[in-house]
file query_2.cif (mmCIF, C-alpha atoms)
data_run
loop_
_atom_site.label_atom_id
_atom_site.label_comp_id
_atom_site.auth_asym_id
_atom_site.auth_seq_id
_atom_site.Cartn_x
_atom_site.Cartn_y
_atom_site.Cartn_z
CA MET A 4 -96.45 -54.11 -19.00
CA ARG A 5 -93.24 -55.23 -17.48
CA GLY A 6 -92.23 -56.97 -20.74
CA ASN A 7 -92.47 -53.73 -22.70
CA TRP A 8 -90.18 -51.71 -20.39
CA PRO A 9 -86.90 -52.71 -22.11
CA ASN A 10 -88.29 -51.49 -25.44
CA HIS A 11 -89.20 -48.10 -23.95
CA LYS A 12 -85.81 -47.90 -22.31
CA GLY A 13 -84.14 -48.59 -25.66
CA LEU A 14 -86.19 -45.91 -27.39
CA LEU A 15 -85.43 -43.43 -24.63
CA SER A 16 -81.68 -44.16 -24.90
CA ALA A 17 -81.75 -43.79 -28.68
CA GLY A 18 -83.62 -40.50 -28.37
CA LEU A 19 -81.08 -39.16 -25.87
CA ILE A 20 -78.17 -40.20 -28.09
CA LEU A 21 -79.78 -38.53 -31.12
CA ALA A 22 -80.46 -35.33 -29.16
CA GLY A 23 -76.84 -35.24 -27.94
CA ALA A 24 -75.51 -35.74 -31.45
CA LEU A 25 -77.68 -32.93 -32.81
CA THR A 26 -76.55 -30.63 -30.00
CA LEU A 27 -72.89 -31.37 -30.74
CA ALA A 28 -73.42 -30.88 -34.48
CA GLY A 29 -75.04 -27.52 -33.79
CA CYS A 30 -72.10 -26.47 -31.61
CA GLY A 31 -69.67 -27.27 -34.40
CA SER A 32 -71.43 -25.01 -36.88
CA THR A 33 -70.62 -21.79 -35.02
CA SER A 34 -67.25 -20.33 -35.82
CA THR A 35 -65.36 -17.22 -34.84
CA LYS A 36 -63.46 -17.30 -38.14
CA PRO A 37 -65.13 -15.36 -41.00
CA ALA A 38 -66.12 -17.36 -44.06
CA PRO A 39 -63.84 -16.76 -47.06
CA SER A 40 -65.23 -14.47 -49.71
CA SER A 41 -66.30 -16.02 -52.96
CA THR A 42 -63.89 -16.11 -55.90
CA THR A 43 -66.80 -14.95 -58.06
CA ALA A 44 -66.36 -11.46 -56.54
CA ILE A 45 -63.13 -11.15 -58.58
CA THR A 46 -63.19 -11.73 -62.31
CA VAL A 47 -60.16 -12.02 -64.55
CA GLU A 48 -60.46 -10.33 -67.93
CA ASN A 49 -58.33 -10.30 -71.10
CA ALA A 50 -55.68 -12.81 -69.95
CA TRP A 51 -52.80 -13.00 -72.44
CA ALA A 52 -49.08 -13.81 -72.52
CA ARG A 53 -46.15 -12.95 -74.75
CA PRO A 54 -44.78 -15.59 -77.14
CA ALA A 55 -41.50 -17.27 -76.20
CA SER A 56 -39.35 -19.78 -78.02
CA GLY A 57 -35.88 -21.15 -77.79
CA SER A 58 -34.12 -23.65 -75.58
CA ALA A 59 -36.35 -25.08 -72.88
CA GLY A 60 -35.47 -24.17 -69.30
CA GLY A 61 -34.05 -20.75 -70.10
CA MET A 62 -37.09 -19.23 -71.75
CA THR A 63 -39.22 -16.61 -70.06
CA SER A 64 -42.49 -14.91 -70.83
CA ALA A 65 -44.95 -12.64 -69.07
CA ALA A 66 -48.71 -12.86 -68.56
CA TYR A 67 -51.10 -9.93 -68.28
CA PHE A 68 -54.78 -9.46 -67.35
CA THR A 69 -57.18 -7.21 -65.48
CA LEU A 70 -58.72 -8.10 -62.11
CA GLN A 71 -62.21 -6.68 -61.54
CA HIS A 72 -63.45 -6.87 -57.94
CA SER A 73 -67.19 -6.48 -57.39
CA GLY A 74 -67.13 -7.53 -53.72
CA GLY A 75 -67.40 -5.35 -50.67
CA GLU A 76 -64.16 -6.45 -48.98
CA ALA A 77 -60.62 -5.88 -50.28
CA ASP A 78 -58.58 -8.96 -51.21
CA ALA A 79 -55.05 -9.61 -52.49
CA LEU A 80 -53.49 -11.79 -55.16
CA ILE A 81 -50.77 -13.68 -53.27
CA SER A 82 -49.39 -16.19 -55.80
CA VAL A 83 -49.77 -17.74 -59.24
CA SER A 84 -48.94 -21.10 -60.78
CA THR A 85 -49.02 -22.82 -64.17
CA ASP A 86 -47.95 -26.11 -65.72
CA VAL A 87 -46.11 -24.40 -68.61
CA ALA A 88 -43.38 -22.87 -66.41
CA GLY A 89 -41.04 -24.14 -63.74
CA LYS A 90 -41.69 -20.93 -61.81
CA ALA A 91 -44.35 -18.20 -61.92
CA GLU A 92 -44.04 -15.01 -59.86
CA LEU A 93 -45.88 -11.75 -59.36
CA HIS A 94 -43.64 -8.94 -60.65
CA GLU A 95 -43.72 -5.22 -61.21
CA THR A 96 -41.63 -2.97 -63.42
CA VAL A 97 -40.22 0.05 -61.62
CA ALA A 98 -38.06 3.00 -62.67
CA MET A 99 -34.53 3.01 -61.31
CA ASP A 100 -32.24 5.94 -60.58
CA GLY A 101 -29.83 4.83 -63.29
CA ASN A 102 -27.75 2.48 -61.10
CA THR A 103 -28.00 -0.98 -62.68
CA SER A 104 -25.30 -2.75 -60.67
CA GLY A 105 -26.42 -6.15 -59.43
CA MET A 106 -29.77 -6.06 -61.21
CA ASP A 107 -30.50 -9.25 -63.11
CA HIS A 108 -33.72 -8.10 -64.79
CA SER A 109 -32.79 -4.54 -65.78
CA MET A 110 -33.68 -3.13 -69.15
CA HIS A 111 -33.60 0.22 -70.83
CA SER A 112 -36.95 1.90 -71.21
CA SER A 113 -38.13 2.66 -74.72
CA ARG A 114 -40.06 5.60 -73.25
CA GLY A 115 -36.99 7.63 -72.45
CA SER A 116 -33.47 7.50 -71.08
CA GLY A 117 -34.53 6.00 -67.75
CA VAL A 118 -33.72 2.45 -66.70
CA MET A 119 -36.50 0.06 -65.74
CA LYS A 120 -36.17 -2.94 -63.45
CA MET A 121 -38.43 -5.93 -62.81
CA GLN A 122 -38.82 -7.06 -59.21
CA ALA A 123 -40.89 -9.70 -57.46
CA VAL A 124 -43.78 -8.59 -55.24
CA GLN A 125 -45.21 -10.61 -52.34
CA LYS A 126 -48.84 -9.73 -53.03
CA VAL A 127 -50.99 -7.41 -55.09
CA PRO A 128 -53.84 -5.68 -53.23
CA VAL A 129 -57.21 -5.79 -55.02
CA PRO A 130 -59.50 -3.04 -53.69
CA ALA A 131 -63.18 -3.73 -53.06
CA GLY A 132 -65.21 -2.42 -55.98
CA GLY A 133 -62.04 -1.65 -57.95
CA SER A 134 -59.71 -3.12 -60.52
CA VAL A 135 -56.01 -3.86 -60.97
CA GLU A 136 -54.38 -4.01 -64.40
CA PHE A 137 -51.44 -6.28 -65.16
CA LYS A 138 -49.82 -4.76 -68.27
CA PRO A 139 -46.45 -4.36 -70.00
CA GLY A 140 -44.33 -1.84 -68.11
CA GLY A 141 -46.25 -2.43 -64.85
CA LEU A 142 -47.55 -5.39 -62.88
CA HIS A 143 -47.20 -8.77 -64.61
CA VAL A 144 -46.80 -12.48 -63.99
CA MET A 145 -43.26 -13.56 -64.81
CA LEU A 146 -43.13 -17.07 -66.30
CA MET A 147 -39.64 -18.53 -65.88
CA ASP A 148 -38.05 -21.79 -66.94
CA LEU A 149 -40.71 -22.45 -69.56
CA LYS A 150 -41.27 -26.13 -70.28
CA ARG A 151 -42.28 -25.52 -73.92
CA ASP A 152 -42.44 -22.85 -76.59
CA LEU A 153 -45.31 -20.39 -76.34
CA LYS A 154 -46.41 -19.43 -79.84
CA ASN A 155 -49.13 -17.06 -81.06
CA GLY A 156 -52.52 -18.71 -80.56
CA ASP A 157 -51.37 -21.20 -77.90
CA ARG A 158 -53.43 -21.41 -74.72
CA PHE A 159 -52.54 -22.48 -71.19
CA LYS A 160 -54.03 -22.44 -67.69
CA LEU A 161 -52.93 -19.97 -65.01
CA THR A 162 -54.08 -20.42 -61.40
CA LEU A 163 -54.41 -17.29 -59.27
CA ASN A 164 -54.41 -17.64 -55.47
CA PHE A 165 -56.19 -14.94 -53.52
CA GLU A 166 -55.69 -14.21 -49.83
CA LYS A 167 -59.42 -14.38 -49.01
CA GLY A 168 -61.09 -15.55 -52.21
CA GLY A 169 -59.31 -18.86 -52.76
CA GLN A 170 -58.13 -20.10 -56.15
CA GLN A 171 -59.27 -19.19 -59.62
CA THR A 172 -57.96 -20.80 -62.81
CA VAL A 173 -58.11 -18.88 -66.09
CA GLU A 174 -57.17 -19.63 -69.68
CA VAL A 175 -54.39 -17.46 -71.08
CA THR A 176 -53.98 -16.83 -74.84
CA VAL A 177 -50.49 -16.30 -76.23
CA LYS A 178 -50.30 -13.30 -78.56
CA GLN A 179 -47.96 -10.54 -79.62
CA GLN A 180 -49.07 -7.05 -78.58
#

call {"tool": "encode", "arguments": {"input": "query_2.cif", "output": "structure tokens"}}
result
Amino acid sequence: MRGNWPNHKGLLSAGLILAGALTLAGCGSTSTKPAPSSTTAITVENAWARPASGSAGGMTSAAYFTLQHSGGEADALISVSTDVAGKAELHETVAMDGNTSGMDHSMHSSRGSGVMKMQAVQKVPVPAGGSVEFKPGGLHVMLMDLKRDLKNGDRFKLTLNFEKGGQQTVEVTVKQQ
């Protein structure tokens, strides 16, 4: 009997080590931080961009789409990126009071005598169970310093980064509308 004692001691030690490891693993699985919501709660529909051609580096375009949110918790689009542009920003077009001094992206509205201005936005709220439309004359993704021409029928990838829902990459079709 005495010769078997070391084997029992070894089994007992292994069992204690395994139990301790399982206890520690269980402790690590609890978290006070909420799990991020799934990117599948937000779908991107009808992604398209305007054609652009000319000298590389100075060309710009804009991308448009609709965000549909089927989830129960609001989210926000916080940034965008693409390989076809040196810079991609969330923008909105707003009406100005007629004073265009110092405005780089001002343009005259074809809808009247008012002046419209494009400005960057830090994030775009996406309400739970709602939708947000990116369209000409409103919210859009400004593509600056294009690395190549964008012609009708071309396609490129656009990555959207959400505050809670992570990243989502969509295919954008270039077309004139």

call {"tool": "closest_residue", "arguments": {"input": "query_2.cif", "among": "A:Lys154, A:Lys167, A:Lys90, A:Arg53", "to": "Val129 of chain A", "atoms": "all atoms listed in the file"}}
result
A:Lys167

call {"tool": "atom_distance", "arguments": {"input": "query_2.cif", "atom1": "atom CA of Asn164 of chain A", "atom2": "atom CA of Gln122 of chain A"}}
result
19.2 Å

call {"tool": "resolve_selection", "arguments": {"input": "query_2.cif", "expression": "the PyMOL selection byres ((chain A and resi 169-178) around 7)", "output": "ChimeraX atom specification"}}
result
/A:42,50-54,153-168,179-180

call {"tool": "atom_distance", "arguments": {"input": "query_2.cif", "atom1": "atom CA of Val124 of chain A", "atom2": "atom CA of Gly140 of chain A"}}
result
14.5 Å

call {"tool": "residues_around", "arguments": {"input": "query_2.cif", "residues": "Gly141 of chain A", "least_positions_apart": "6", "cutoff": "10 Å", "atoms": "only C-alpha atoms", "output": "mmCIF file with C-alpha atoms, in the coordinates of the input"}}
result
data_model
loop_
_atom_site.group_PDB
_atom_site.id
_atom_site.type_symbol
_atom_site.label_atom_id
_atom_site.label_comp_id
_atom_site.auth_asym_id
_atom_site.auth_seq_id
_atom_site.Cartn_x
_atom_site.Cartn_y
_atom_site.Cartn_z
ATOM 1 C CA TYR A 67 -51.100 -9.930 -68.280
ATOM 2 C CA HIS A 94 -43.640 -8.940 -60.650
ATOM 3 C CA GLU A 95 -43.720 -5.220 -61.210
ATOM 4 C CA THR A 96 -41.630 -2.970 -63.420
ATOM 5 C CA VAL A 97 -40.220 0.050 -61.620
ATOM 6 C CA MET A 121 -38.430 -5.930 -62.810
#

call {"tool": "atom_distance", "arguments": {"input": "query_2.cif", "atom1": "atom CA of Met62 of chain A", "atom2": "atom CA of Ala88 of chain A"}}
result
9.0 Å

call {"tool": "closest_residue", "arguments": {"input": "query_2.cif", "among": "A:Ala98, A:Val87, A:Met119, A:Val47", "to": "His72 of chain A", "atoms": "only C-alpha atoms"}}
result
A:Val47

call {"tool": "closest_residue", "arguments": {"input": "query_2.cif", "among": "A:Met99, A:Ile45, A:Leu142, A:Leu149", "to": "Gln71 of chain A", "atoms": "all atoms listed in the file"}}
result
A:Ile45

call {"tool": "closest_residue", "arguments": {"input": "query_2.cif", "among": "A:Val144, A:Ile81, A:Glu136, A:Gly89", "to": "Gly61 of chain A", "atoms": "all atoms listed in the file"}}
result
A:Gly89

call {"tool": "resolve_selection", "arguments": {"input": "query_2.cif", "expression": "the PyMOL selection byres ((chain A and resi 92) around 6)", "output": "ChimeraX atom specification"}}
result
/A:91,93,144-145
